[in-house]
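Okay, so here's the structure we're looking at.
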Amino acid sequence: MAQRSGAAAQPIRTAVTADDGIDFSIIELLYFAYRDFTSDPDQILAEYGFGRAHHRVLHFVNRMPGLTVAELLDVLKITKQSLARVLKQLIDAGYIVQVQGPRDRRQRELYPTPKGRTLTLALARPQSRRIDAALEGAGETERAWIERFLKAMVNPELRAQIDHLPGNTPGKDHGE
């Protein structure tokens with residue numbers, strides 16, 4: 001609701017609680033986990049003048065070499081304009097190469113360069129260490145449950161994208 005001009009906003013001095021039917025505990029755990037999960041790569045990216053969008057592009061191009069620009073747009077759910085800026089920087093800096101599609105000359109396939117692969121691995125290593133530490137002592141059952149939970153957090157119509165990643169079985173419900 002818009003506040004009328006001149007009317008003083010009244011502060012609310014009590015916290016929103018779970019009494020409102022919202023699972024703030026899990027929401028906050030996800031916020032804090034994401035903050036820390038991205039902090040190590042953020043520091044590395046800053047050294048290159050890159051940000052999280054660069055990280056996501058590098059990650060998926062390295063996981064799926066030959067991914068087309070259109071497929072990358074679908075995975076990242078960002079605008080063409082946003083991707084074009086980030087992609088241009090990564091191509092100009094020699095981290096990704098763009099190749100004309102073999103069947104359709106208008107199609108552009110994206111591949112990592114050795115320099116791009118090295119940076120991607122440098123970004124993934126601290127994240128992998130953080131995951132390993134968090135899963136320390138967890139068995140296969142617990143890991144499967146966590147995978148199932150995270151996949152369930154993805155919009156149902158987009159879950160198939162997970163199946164197309166290397167190492168995943170199409171149609172397999174992760175964790176079952």
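Chain lettering (A, B, ...) mirrors the order of the structure tokens, residue numbering begins at 1 for each chain separately, and ligand numbering begins at 1 in order of display.
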
request  = Could you tell me, as a ChimeraX atom specification, which residues of region 15-170 of chain A DSSP assigns to strand (DSSP E) when given the backbone?
outcome  = /A:67-68,96-100,108-112

request  = Mind checking which residues fall within 8 Å of region 106-113 of chain A, counting only C-alpha atoms, ignoring those fewer than 3 positions away in the same chain, and posting them as JSON, numbers by chain?
outcome  = {"A": [58, 61, 62, 65, 66, 67, 68, 69, 94, 95, 96, 97, 98, 99, 100, 101, 116, 117]}

task = Mind giving me the straight-line distance from CA of Pro166 (chain A) to CA of His55 (chain A) in Å, one decimal?
result =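 About the pair CA of Pro166 (chain A) and CA of His55 (chain A): they are 18.0 Å apart.
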
query = Which of these, A:Ser39, A:Lys115, A:Val75, A:Leu121, has the shortest distance to Gln161 (chain A) once you count only C-alpha atoms?
reply = A:Val75
